[in-house]
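Data from entry_25.csv: CSV, C-alpha atoms
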chain,number,residue,atom,x,y,z
A,1,MET,CA,1.6,-20.3,11.5
A,2,ALA,CA,1.6,-22.2,8.2
A,3,CYS,CA,0.0,-25.5,9.0
A,4,GLY,CA,0.2,-26.7,5.5
A,5,ALA,CA,-2.6,-28.6,4.0
A,6,TRP,CA,-0.4,-31.7,3.8
A,7,TYR,CA,-1.0,-33.4,7.2
A,8,PRO,CA,-2.8,-36.6,6.4
A,9,VAL,CA,-2.9,-38.0,10.0
A,10,LEU,CA,-5.6,-36.6,12.4
A,11,GLY,CA,-3.1,-36.3,15.2
A,12,GLU,CA,-1.0,-34.0,13.2
A,13,VAL,CA,-4.0,-31.9,12.3
A,14,MET,CA,-5.0,-31.7,16.0
A,15,LYS,CA,-1.4,-30.6,16.8
A,16,CYS,CA,-1.6,-27.9,14.2
A,17,VAL,CA,-4.9,-26.6,15.6
A,18,MET,CA,-3.5,-26.6,19.1
A,19,ASN,CA,-0.5,-24.6,18.1
A,20,LEU,CA,-2.8,-22.1,16.4
A,21,ARG,CA,-5.0,-21.8,19.5
A,22,GLN,CA,-1.9,-21.2,21.7
A,23,ALA,CA,-0.6,-18.5,19.4
A,24,ILE,CA,-4.0,-16.7,19.4
A,25,GLN,CA,-4.2,-17.0,23.2
A,26,SER,CA,-0.7,-15.7,23.8
A,27,THR,CA,-1.4,-12.7,21.5
A,28,ILE,CA,-4.6,-12.0,23.4
A,29,SER,CA,-2.8,-12.5,26.7
A,30,GLN,CA,0.0,-10.2,25.6
A,31,LYS,CA,-2.6,-7.5,24.6
A,32,ALA,CA,-4.4,-8.0,27.8
A,33,THR,CA,-1.1,-7.6,29.7
A,34,MET,CA,-0.3,-4.5,27.8
A,35,LEU,CA,-3.8,-3.1,28.5
A,36,MET,CA,-3.5,-3.9,32.2
A,37,LEU,CA,-0.1,-2.3,32.3
A,38,ALA,CA,-1.2,0.8,30.5
A,39,GLY,CA,-4.3,1.1,32.8
A,40,ILE,CA,-2.3,0.8,35.9
A,41,VAL,CA,0.2,3.5,34.8
A,42,VAL,CA,-2.7,5.8,33.8
A,43,VAL,CA,-4.4,5.4,37.1
A,44,HIS,CA,-1.1,6.0,38.9
A,45,ILE,CA,-0.4,9.2,37.0
A,46,THR,CA,-4.0,10.3,37.7
A,47,THR,CA,-3.4,9.8,41.3
A,48,ILE,CA,-0.3,11.8,41.3
A,49,ILE,CA,-2.0,14.7,39.4
A,50,LEU,CA,-4.9,14.6,41.9
A,51,LEU,CA,-2.5,14.7,44.8
A,52,LEU,CA,-0.6,17.6,43.4
A,53,VAL,CA,-3.8,19.6,42.7
A,54,ALA,CA,-5.1,18.9,46.2
A,55,THR,CA,-1.8,20.1,47.7
A,56,ILE,CA,-1.3,23.1,45.6
A,57,ASP,CA,-4.7,24.5,44.6
A,58,ASN,CA,-6.3,26.8,47.1
A,59,ALA,CA,-9.7,25.4,47.8
A,60,TRP,CA,-9.8,23.3,51.0
A,61,TRP,CA,-12.3,25.4,52.8
A,62,VAL,CA,-14.4,27.8,50.9
A,63,THR,CA,-16.9,30.5,51.9
A,64,ASN,CA,-18.6,33.1,49.8
A,65,THR,CA,-15.8,35.6,50.2
A,66,VAL,CA,-12.9,33.5,51.4
A,67,SER,CA,-11.1,30.6,49.8
A,68,THR,CA,-8.4,29.0,51.9
A,69,ASP,CA,-6.0,26.1,51.5
A,70,LEU,CA,-3.0,24.8,53.2
A,71,TRP,CA,-0.6,27.6,52.4
A,72,GLY,CA,-2.5,30.9,52.3
A,73,ARG,CA,-5.9,32.5,52.0
A,74,TRP,CA,-7.7,34.3,49.2
A,75,GLU,CA,-10.1,36.9,50.3
A,76,LEU,CA,-12.6,38.7,48.1
A,77,ALA,CA,-12.7,42.5,48.7
A,78,ASN,CA,-14.5,44.8,46.3
A,79,SER,CA,-14.6,42.1,43.6
A,80,ILE,CA,-10.8,41.6,43.7
A,81,TRP,CA,-9.2,38.6,45.2
A,82,HIS,CA,-6.3,39.2,47.5
A,83,TYR,CA,-3.8,36.6,48.7
A,84,THR,CA,-3.2,37.0,52.4
A,85,ASN,CA,-1.5,35.0,55.2
A,86,MET,CA,-3.3,32.2,57.0
A,87,LYS,CA,-5.4,33.2,60.0
A,88,VAL,CA,-5.3,30.3,62.4
A,89,SER,CA,-5.2,30.2,66.1
A,90,ASN,CA,-2.0,29.1,67.8
A,91,GLU,CA,-3.1,25.5,68.4
A,92,ALA,CA,-4.3,25.1,64.9
A,93,ALA,CA,-1.1,26.4,63.5
A,94,GLU,CA,0.8,23.3,64.6
A,95,TYR,CA,-1.9,21.0,63.1
A,96,LEU,CA,-1.8,23.0,59.9
A,97,GLN,CA,1.9,22.4,59.5
A,98,THR,CA,1.4,18.7,60.0
A,99,VAL,CA,-1.2,18.7,57.3
A,100,GLN,CA,1.2,20.6,55.0
A,101,ALA,CA,4.0,18.1,55.7
A,102,THR,CA,1.9,14.9,55.2
A,103,SER,CA,0.3,16.1,52.0
A,104,VAL,CA,3.7,17.0,50.5
A,105,LEU,CA,5.0,13.6,51.6
A,106,ALA,CA,2.0,11.9,49.9
A,107,CYS,CA,2.9,13.6,46.6
A,108,VAL,CA,6.6,12.7,47.0
A,109,PHE,CA,5.9,9.0,47.7
A,110,ALA,CA,3.4,8.7,44.9
A,111,ILE,CA,5.9,10.0,42.4
A,112,LEU,CA,8.6,7.8,43.9
A,113,ALA,CA,6.3,4.8,43.6
A,114,LEU,CA,5.8,5.4,39.9
A,115,PHE,CA,9.5,5.6,39.2
A,116,VAL,CA,10.2,2.5,41.3
A,117,PHE,CA,7.4,0.6,39.5
A,118,VAL,CA,9.0,1.4,36.1
A,119,ALA,CA,12.4,0.4,37.4
A,120,GLN,CA,11.1,-2.8,38.9
A,121,LEU,CA,9.4,-3.7,35.6
A,122,PHE,CA,12.9,-4.2,34.2
A,123,THR,CA,14.9,-5.4,37.1
A,124,LEU,CA,12.6,-7.6,39.2
A,125,PRO,CA,13.3,-11.4,39.0
A,126,LYS,CA,10.5,-13.3,37.3
A,127,GLY,CA,7.6,-14.4,39.5
A,128,GLN,CA,8.1,-11.9,42.2
A,129,ARG,CA,5.7,-9.2,43.5
A,130,PHE,CA,6.2,-5.5,43.2
A,131,THR,CA,6.5,-5.1,47.0
A,132,PHE,CA,8.6,-2.0,47.1
A,133,THR,CA,6.2,-0.1,44.8
A,134,GLY,CA,3.3,-1.3,46.8
A,135,ILE,CA,4.8,-0.2,50.1
A,136,LEU,CA,5.6,3.2,48.7
A,137,GLN,CA,2.1,3.7,47.4
A,138,LEU,CA,0.7,2.5,50.7
A,139,ILE,CA,2.7,5.0,52.6
A,140,ALA,CA,1.5,7.7,50.1
A,141,CYS,CA,-2.1,6.7,50.7
A,142,LEU,CA,-1.6,6.7,54.5
A,143,CYS,CA,0.0,10.2,54.4
A,144,ILE,CA,-2.9,11.8,52.5
A,145,MET,CA,-5.3,10.1,54.8
A,146,ILE,CA,-3.6,11.5,57.8
A,147,ALA,CA,-3.5,15.0,56.2
A,148,ALA,CA,-7.2,15.0,55.3
A,149,SER,CA,-8.2,13.5,58.7
A,150,ILE,CA,-6.3,16.1,60.7
A,151,TYR,CA,-7.7,18.8,58.5
A,152,THR,CA,-11.2,17.6,59.1
A,153,ALA,CA,-10.9,17.2,62.8
A,154,GLU,CA,-8.9,20.2,63.9
A,155,LEU,CA,-9.3,23.0,61.4
A,156,HIS,CA,-12.6,24.8,60.6
A,157,ALA,CA,-14.5,22.3,62.9
A,158,LYS,CA,-16.3,25.2,64.5
A,159,ASP,CA,-16.8,27.5,61.5
A,160,MET,CA,-20.4,28.3,60.9
A,161,GLU,CA,-20.4,29.2,57.3
A,162,GLY,CA,-18.5,27.6,54.5
A,163,TRP,CA,-18.0,24.3,52.9
A,164,TYR,CA,-15.2,22.0,51.9
A,165,GLY,CA,-13.7,22.9,48.5
A,166,HIS,CA,-12.6,20.8,45.6
A,167,SER,CA,-9.0,20.3,46.8
A,168,TYR,CA,-10.3,18.6,49.9
A,169,ILE,CA,-12.6,16.3,47.9
A,170,LEU,CA,-9.7,15.5,45.5
A,171,ALA,CA,-7.6,14.6,48.5
A,172,TRP,CA,-10.0,11.9,49.6
A,173,ILE,CA,-10.5,10.6,46.0
A,174,SER,CA,-6.8,10.3,45.6
A,175,PHE,CA,-6.7,8.4,48.9
A,176,VAL,CA,-9.1,5.8,47.5
A,177,LEU,CA,-7.2,5.5,44.2
A,178,ALA,CA,-3.9,5.2,46.0
A,179,LEU,CA,-5.2,2.5,48.2
A,180,LEU,CA,-6.5,0.5,45.3
A,181,LEU,CA,-3.2,0.9,43.4
A,182,ALA,CA,-1.2,-0.1,46.5
A,183,ILE,CA,-3.3,-3.3,46.8
A,184,THR,CA,-2.9,-4.0,43.1
A,185,TYR,CA,0.9,-3.6,43.3
A,186,LEU,CA,1.1,-5.9,46.3
A,187,ILE,CA,-0.9,-8.6,44.5
A,188,LEU,CA,0.6,-8.2,41.0
A,189,ARG,CA,3.2,-10.7,40.0
A,190,LYS,CA,5.8,-10.5,37.3
A,191,LYS,CA,5.3,-12.9,34.4
A,192,ASN,CA,6.9,-16.2,35.1
A,193,GLU,CA,7.9,-17.8,31.8
B,1,MET,CA,65.1,48.1,50.6
B,2,LEU,CA,64.0,46.2,53.7
B,3,THR,CA,64.2,49.3,55.9
B,4,PHE,CA,62.1,51.2,53.4
B,5,LEU,CA,59.4,48.5,53.5
B,6,ALA,CA,59.4,48.5,57.3
B,7,LEU,CA,59.1,52.2,57.4
B,8,ALA,CA,56.3,52.2,54.9
B,9,SER,CA,54.3,49.6,56.8
B,10,VAL,CA,54.7,51.5,60.1
B,11,VAL,CA,53.5,54.7,58.4
B,12,LEU,CA,50.5,52.9,56.9
B,13,LEU,CA,49.6,51.2,60.2
B,14,GLY,CA,49.7,54.6,61.8
B,15,ILE,CA,47.4,56.1,59.1
B,16,VAL,CA,44.8,53.4,58.6
B,17,PRO,CA,43.4,53.3,62.2
B,18,GLU,CA,42.9,57.0,62.0
B,19,GLN,CA,40.3,56.5,59.3
B,20,SER,CA,38.6,53.4,60.7
B,21,GLN,CA,38.0,54.6,64.2
B,22,ALA,CA,34.3,53.9,64.2
B,23,ILE,CA,33.1,51.8,67.0
B,24,VAL,CA,30.7,49.0,66.0
B,25,ILE,CA,28.0,48.0,68.4
B,26,TYR,CA,26.3,44.6,68.4
B,27,THR,CA,23.0,43.6,69.8
B,28,GLY,CA,20.5,41.0,68.7
B,29,TRP,CA,17.9,41.8,66.1
B,30,GLU,CA,14.7,40.5,67.8
B,31,ARG,CA,14.1,38.7,71.0
B,32,HIS,CA,11.1,36.7,71.9
B,33,ALA,CA,10.0,36.1,75.5
B,34,LEU,CA,7.1,34.8,77.5
B,35,VAL,CA,5.0,36.9,79.9
B,36,GLY,CA,6.4,36.8,83.4
B,37,SER,CA,9.9,35.6,82.3
B,38,ASP,CA,13.2,37.3,82.5
B,39,ILE,CA,15.3,38.3,79.5
B,40,ARG,CA,18.9,39.3,79.0
B,41,LEU,CA,19.5,41.9,76.3
B,42,SER,CA,23.1,41.7,75.2
B,43,CYS,CA,25.2,44.5,73.9
B,44,SER,CA,28.9,44.5,73.0
B,45,PHE,CA,31.1,46.5,70.7
B,46,PHE,CA,34.2,46.3,68.6
B,47,SER,CA,36.8,49.0,68.6
B,48,TRP,CA,40.3,49.4,67.4
B,49,ARG,CA,41.4,51.0,70.6
B,50,TRP,CA,42.0,49.3,73.9
B,51,THR,CA,39.0,49.4,76.3
B,52,SER,CA,39.4,52.6,78.1
B,53,GLU,CA,38.5,53.3,81.7
B,54,ASP,CA,35.9,55.9,80.6
B,55,VAL,CA,33.9,53.4,78.5
B,56,THR,CA,30.2,54.2,78.7
B,57,PHE,CA,27.1,52.1,77.9
B,58,SER,CA,23.6,53.5,77.7
B,59,TRP,CA,20.3,51.8,76.9
B,60,THR,CA,17.1,53.6,75.8
B,61,TYR,CA,13.7,52.2,75.4
B,62,ARG,CA,11.0,53.2,72.9
B,63,PRO,CA,7.6,51.5,73.3
B,64,ASP,CA,5.8,50.1,70.3
B,65,GLY,CA,3.7,52.7,68.6
B,66,SER,CA,5.4,55.6,70.4
B,67,ARG,CA,7.9,58.1,68.9
B,68,ASP,CA,9.7,59.1,72.0
B,69,SER,CA,12.4,57.1,73.7
B,70,ILE,CA,13.4,57.2,77.3
B,71,SER,CA,16.7,56.4,78.8
B,72,ILE,CA,16.7,53.4,81.1
B,73,PHE,CA,20.3,52.6,81.9
B,74,HIS,CA,23.6,54.3,81.9
B,75,TYR,CA,27.1,53.1,82.8
B,76,THR,CA,29.9,55.5,83.2
B,77,GLY,CA,33.0,56.1,85.3
B,78,GLY,CA,32.8,52.5,86.6
B,79,ALA,CA,29.3,52.8,88.0
B,80,ALA,CA,26.0,51.6,86.7
B,81,TYR,CA,22.8,53.7,87.0
B,82,VAL,CA,19.6,51.9,86.5
B,83,ASP,CA,16.1,53.1,85.9
B,84,ASN,CA,14.4,54.1,89.2
B,85,LYS,CA,11.5,56.2,88.0
B,86,GLY,CA,10.3,54.8,84.7
B,87,PRO,CA,8.6,51.6,83.6
B,88,PHE,CA,11.5,49.4,84.5
B,89,ARG,CA,11.9,50.5,88.1
B,90,ASP,CA,13.1,47.7,90.3
B,91,ARG,CA,13.1,45.3,87.3
B,92,LEU,CA,16.4,46.2,85.7
B,93,GLU,CA,19.8,44.8,86.5
B,94,PHE,CA,23.2,45.3,85.0
B,95,VAL,CA,24.8,41.9,84.2
B,96,GLY,CA,27.5,43.0,81.8
B,97,ASN,CA,31.2,43.2,82.2
B,98,PRO,CA,32.5,46.6,80.8
B,99,GLY,CA,36.1,45.4,81.0
B,100,ARG,CA,35.2,42.7,78.5
B,101,ARG,CA,33.1,45.1,76.4
B,102,ASP,CA,29.9,43.6,77.5
B,103,GLY,CA,27.0,45.9,78.4
B,104,SER,CA,24.1,43.5,78.8
B,105,ILE,CA,21.1,44.2,81.0
B,106,LEU,CA,18.6,41.9,82.6
B,107,ILE,CA,14.9,42.7,82.6
B,108,LYS,CA,12.8,40.7,85.1
B,109,ASN,CA,9.1,39.8,85.1
B,110,LEU,CA,8.1,40.9,81.6
B,111,ASP,CA,4.7,42.2,80.7
B,112,PHE,CA,2.9,43.0,77.4
B,113,SER,CA,3.7,46.7,78.0
B,114,ASP,CA,7.4,45.9,77.6
B,115,ASN,CA,7.0,45.4,73.9
B,116,GLY,CA,9.2,47.8,72.1
B,117,THR,CA,12.7,48.7,70.8
B,118,PHE,CA,15.7,48.8,73.0
B,119,THR,CA,18.7,50.7,71.8
B,120,CYS,CA,22.3,50.3,73.1
B,121,ASP,CA,24.9,53.0,72.6
B,122,ALA,CA,28.4,52.4,73.7
B,123,LYS,CA,31.4,54.8,73.6
B,124,ASN,CA,35.0,53.9,74.1
B,125,PRO,CA,36.9,57.2,74.3
B,126,PRO,CA,38.6,58.4,72.1
B,127,ASP,CA,36.6,56.0,69.8
B,128,ILE,CA,33.2,57.6,70.0
B,129,VAL,CA,31.9,57.7,66.4
B,130,GLY,CA,29.5,54.9,66.0
B,131,ARG,CA,25.9,53.9,65.3
B,132,PRO,CA,23.7,52.7,68.2
B,133,SER,CA,22.2,49.3,67.6
B,134,SER,CA,18.6,48.3,68.4
B,135,VAL,CA,17.0,45.1,69.5
B,136,ARG,CA,13.2,44.5,69.3
B,137,LEU,CA,11.5,42.8,72.2
B,138,LEU,CA,8.3,40.8,71.6
B,139,VAL,CA,6.4,39.4,74.6
B,140,PHE,CA,4.1,36.5,74.0
B,141,GLU,CA,1.6,34.6,76.0
B,142,LYS,CA,2.8,31.4,74.3
B,143,VAL,CA,5.9,31.2,72.2
B,144,PRO,CA,4.6,30.7,68.6
B,145,ILE,CA,6.1,28.0,66.4
B,146,GLN,CA,7.9,29.5,63.5
B,147,ALA,CA,6.3,29.0,60.1
B,148,GLY,CA,7.5,25.8,58.5
B,149,VAL,CA,9.5,24.3,61.3
B,150,ILE,CA,7.2,21.4,62.0
B,151,THR,CA,6.6,20.9,58.3
B,152,GLY,CA,10.2,20.8,57.4
B,153,ALA,CA,11.0,18.5,60.4
B,154,ILE,CA,8.3,15.9,59.5
B,155,ILE,CA,9.3,15.8,55.8
B,156,GLY,CA,13.0,15.6,56.6
B,157,VAL,CA,12.6,12.8,59.2
B,158,VAL,CA,10.4,10.7,57.0
B,159,LEU,CA,12.5,11.0,53.9
B,160,GLY,CA,15.6,10.4,55.9
B,161,LEU,CA,14.1,7.2,57.4
B,162,LEU,CA,13.2,6.0,53.9
B,163,VAL,CA,16.7,6.6,52.6
B,164,LEU,CA,18.1,4.9,55.7
B,165,ILE,CA,15.9,1.8,55.3
B,166,VAL,CA,16.7,1.4,51.7
B,167,VAL,CA,20.4,1.7,52.3
B,168,ILE,CA,20.3,-0.8,55.1
B,169,TYR,CA,18.2,-3.2,53.0
B,170,TYR,CA,20.7,-3.2,50.1
B,171,LEU,CA,23.6,-3.4,52.5
B,172,MET,CA,22.1,-6.5,54.1
B,173,ARG,CA,21.5,-8.1,50.7
B,174,PHE,CA,25.0,-7.3,49.6
B,175,LEU,CA,26.5,-8.8,52.7
B,176,VAL,CA,24.4,-11.9,52.5
B,177,ALA,CA,25.4,-12.4,48.9
B,178,ARG,CA,29.0,-12.1,49.9
B,179,ARG,CA,28.3,-14.7,52.5
B,180,VAL,CA,29.5,-12.5,55.3
B,181,PHE,CA,26.3,-13.1,57.0
B,182,SER,CA,24.2,-16.2,56.7
B,183,LEU,CA,20.6,-16.0,57.7
B,184,SER,CA,18.9,-18.9,59.3
B,185,VAL,CA,16.0,-20.3,57.3
B,186,SER,CA,13.0,-21.5,59.2
B,187,SER,CA,10.4,-23.8,57.7
B,188,GLY,CA,8.0,-21.2,56.3
B,189,HIS,CA,10.5,-18.6,55.0
B,190,ARG,CA,12.6,-18.6,52.0
B,191,PRO,CA,16.3,-17.7,52.2
B,192,LEU,CA,17.2,-14.1,51.5
B,193,SER,CA,19.0,-14.5,48.2
B,194,LEU,CA,18.4,-13.6,44.6
B,195,ALA,CA,19.3,-16.8,42.9
B,196,THR,CA,16.3,-19.0,43.6
B,197,PRO,CA,13.0,-18.2,42.0
B,198,SER,CA,10.4,-19.3,44.5
B,199,PRO,CA,7.4,-21.2,43.4
B,200,LYS,CA,4.2,-19.3,44.1
B,201,SER,CA,0.5,-20.1,44.2
B,202,THR,CA,-1.7,-18.7,41.6
B,203,VAL,CA,-3.5,-15.4,42.0
B,204,SER,CA,-7.2,-15.2,41.9
B,205,LEU,CA,-7.9,-11.7,40.6
B,206,PRO,CA,-8.3,-11.9,36.8
B,207,PRO,CA,-9.5,-14.8,34.6
B,208,HIS,CA,-6.0,-15.8,33.7
B,209,PRO,CA,-3.0,-15.3,36.0
B,210,LEU,CA,-2.1,-11.7,36.2
B,211,SER,CA,1.3,-11.2,34.8
B,212,VAL,CA,3.3,-8.4,33.4
B,213,SER,CA,6.2,-8.5,31.0
B,214,PRO,CA,8.5,-5.7,29.9
B,215,TYR,CA,9.0,-7.2,26.6
B,216,VAL,CA,6.1,-6.7,24.2
Show me the file's structure as structure tokens.
Amino acid sequence: MACGAWYPVLGEVMKCVMNLRQAIQSTISQKATMLMLAGIVVVHITTIILLLVATIDNAWWVTNTVSTDLWGRWELANSIWHYTNMKVSNEAAEYLQTVQATSVLACVFAILALFVFVAQLFTLPKGQRFTFTGILQLIACLCIMIAASIYTAELHAKDMEGWYGHSYILAWISFVLALLLAITYLILRKKNE
Amino acid sequence: MLTFLALASVVLLGIVPEQSQAIVIYTGWERHALVGSDIRLSCSFFSWRWTSEDVTFSWTYRPDGSRDSISIFHYTGGAAYVDNKGPFRDRLEFVGNPGRRDGSILIKNLDFSDNGTFTCDAKNPPDIVGRPSSVRLLVFEKVPIQAGVITGAIIGVVLGLLVLIVVIYYLMRFLVARRVFSLSVSSGHRPLSLATPSPKSTVSLPPHPLSVSPYV
């Protein structure tokens, strides 16, 4: 922004200063926008990773010799871990399948939301909200909440020994993150120039 | 030339069935049933010969964990002979139709002790070379849900609904844009069209209005 030192009138100087200020502000605002965008994408990817770990890794309910998750059961026998089938009662088997289904659906919707967000970045008309992304993320957050709630209420409710493993905790953390992201997407608006 | 071909085919047709005269017996692989219910164990066979009048069916039963099998049913010479001394006394009934190659039996009032393997052997003279086929009976207190049925059902329904909703949404937008439909606009709502950018109020979240641009 070459103002040139040759503006004798004060008004012209003021105009030059204003232009300069606007340029700096737009650069800052562009940087802030980029930062915000990068932050949102990073948090979204983190949520997806947490959801995947919670669904796949085998530590929903852990005791000293047993580590079980949604799909199978690791049992420690003679210092060797063996992978065995789940041992659940008949009633709990149906709930377990529901937990499996909803946690898988949460992963799927979170990944879908990321792709839809990137697509909407380029195709959304200016000034509109990222509603589709927000709705998908909200459904993902609901699904993982349903999964973790059913797991808490129905399975291992009467087991004496044991504690909830890291997959279970990650499921709840990813629920919180997904909820925050969903609200962000529903409030966020595309730049209206 | 033609007569030679006809002769050859007749000879071949005469030869081939001589070698493939094995009778093939079909039953189920596994049957699940609830305690106290009835179950029909089906048995039928395939044979190159016509169904003869001396066709025989026989069923044997081997309990789970035992190595001996006992004979519980025999059909021969047009008459059916059911078990009248063994574990299925008064519970077995012949519901098959030998003329239609069906040798099914009906067992009533199942109990846990009926768990085991049922073997059906059928003979259609002169077609007697065959392998008996077995069906395993499992008696449950409550029929268990197969692994993954509910999981798959929930996932399939939800994803299907999502696809359906997206398709309907884009269809509606397409139709409105083509002016096939025209949606009524009430005071608070904006018309469902892409052309007009709607004015919006500012957002309160960050210090300056939160906005995102793809072009950096």
**Residue list for chain A near chain B as a list in words, 7 Å, only C-alpha atoms** =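 Written out as asked, the residues are Thr33, Asn90, Gln97, Thr98, Gln100, Ala101, Leu105, Leu121, Phe122, Leu188, Arg189, Lys190 and Lys191 of chain A.
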**Message:** From the options B:Gly99, B:Gly36, B:Gly77, B:Gly28, which residue's atoms come nearest to Phe112 in chain B, counting all atoms listed in the file?
**Reply:** B:Gly36
**Prompt:** Which polymer residues have any atom within 12 Å of an atom of Val35 in chain B, counting only C-alpha atoms, with same-chain residues fewer than 4 positions away left out, as a PyMOL selection string?
**Reply:** chain B and resi 39+107-115+137-143
**Shell of 8 Å around range 127-138 of chain A, all atoms listed in the file, local chain residues under 2 positions omitted, as a PyMOL selection string** = (chain A and resi 109-110+112-114+116-117+120+124-125+140-142+178-179+181-192) or (chain B and resi 197-200)
**Prompt:** What gap, in Å, lies between CA of Pro98 in chain B and CA of Thr117 in chain B?
**Reply:** 22.3 Å
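Rounded to one decimal, CA of Met160 in chain A and CA of Asn85 in chain A lie 20.8 Å from each other.
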**Request:** Write out as a ChimeraX atom specification the residues lying within 12 Å of range 153-156 of chain A, counting all atoms listed in the file and excluding same-chain residues fewer than 4 positions away.
**Result:** /A:60-63,68-70,86-99,146-149,160-164
**Item:** Atom-to-atom span, CA of Lys85 in chain B and CA of Ile72 in chain B, Å
**Value:**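 These atoms are spaced 9.1 Å apart.
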**Selected residue of minimal separation from Thr47 in chain A among A:Leu76, A:Ala157, A:Cys107, A:Met18, counting all atoms listed in the file** =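 Going through A:Leu76, A:Ala157, A:Cys107, A:Met18 one by one, the smallest distance to Thr47 in chain A is for A:Cys107.
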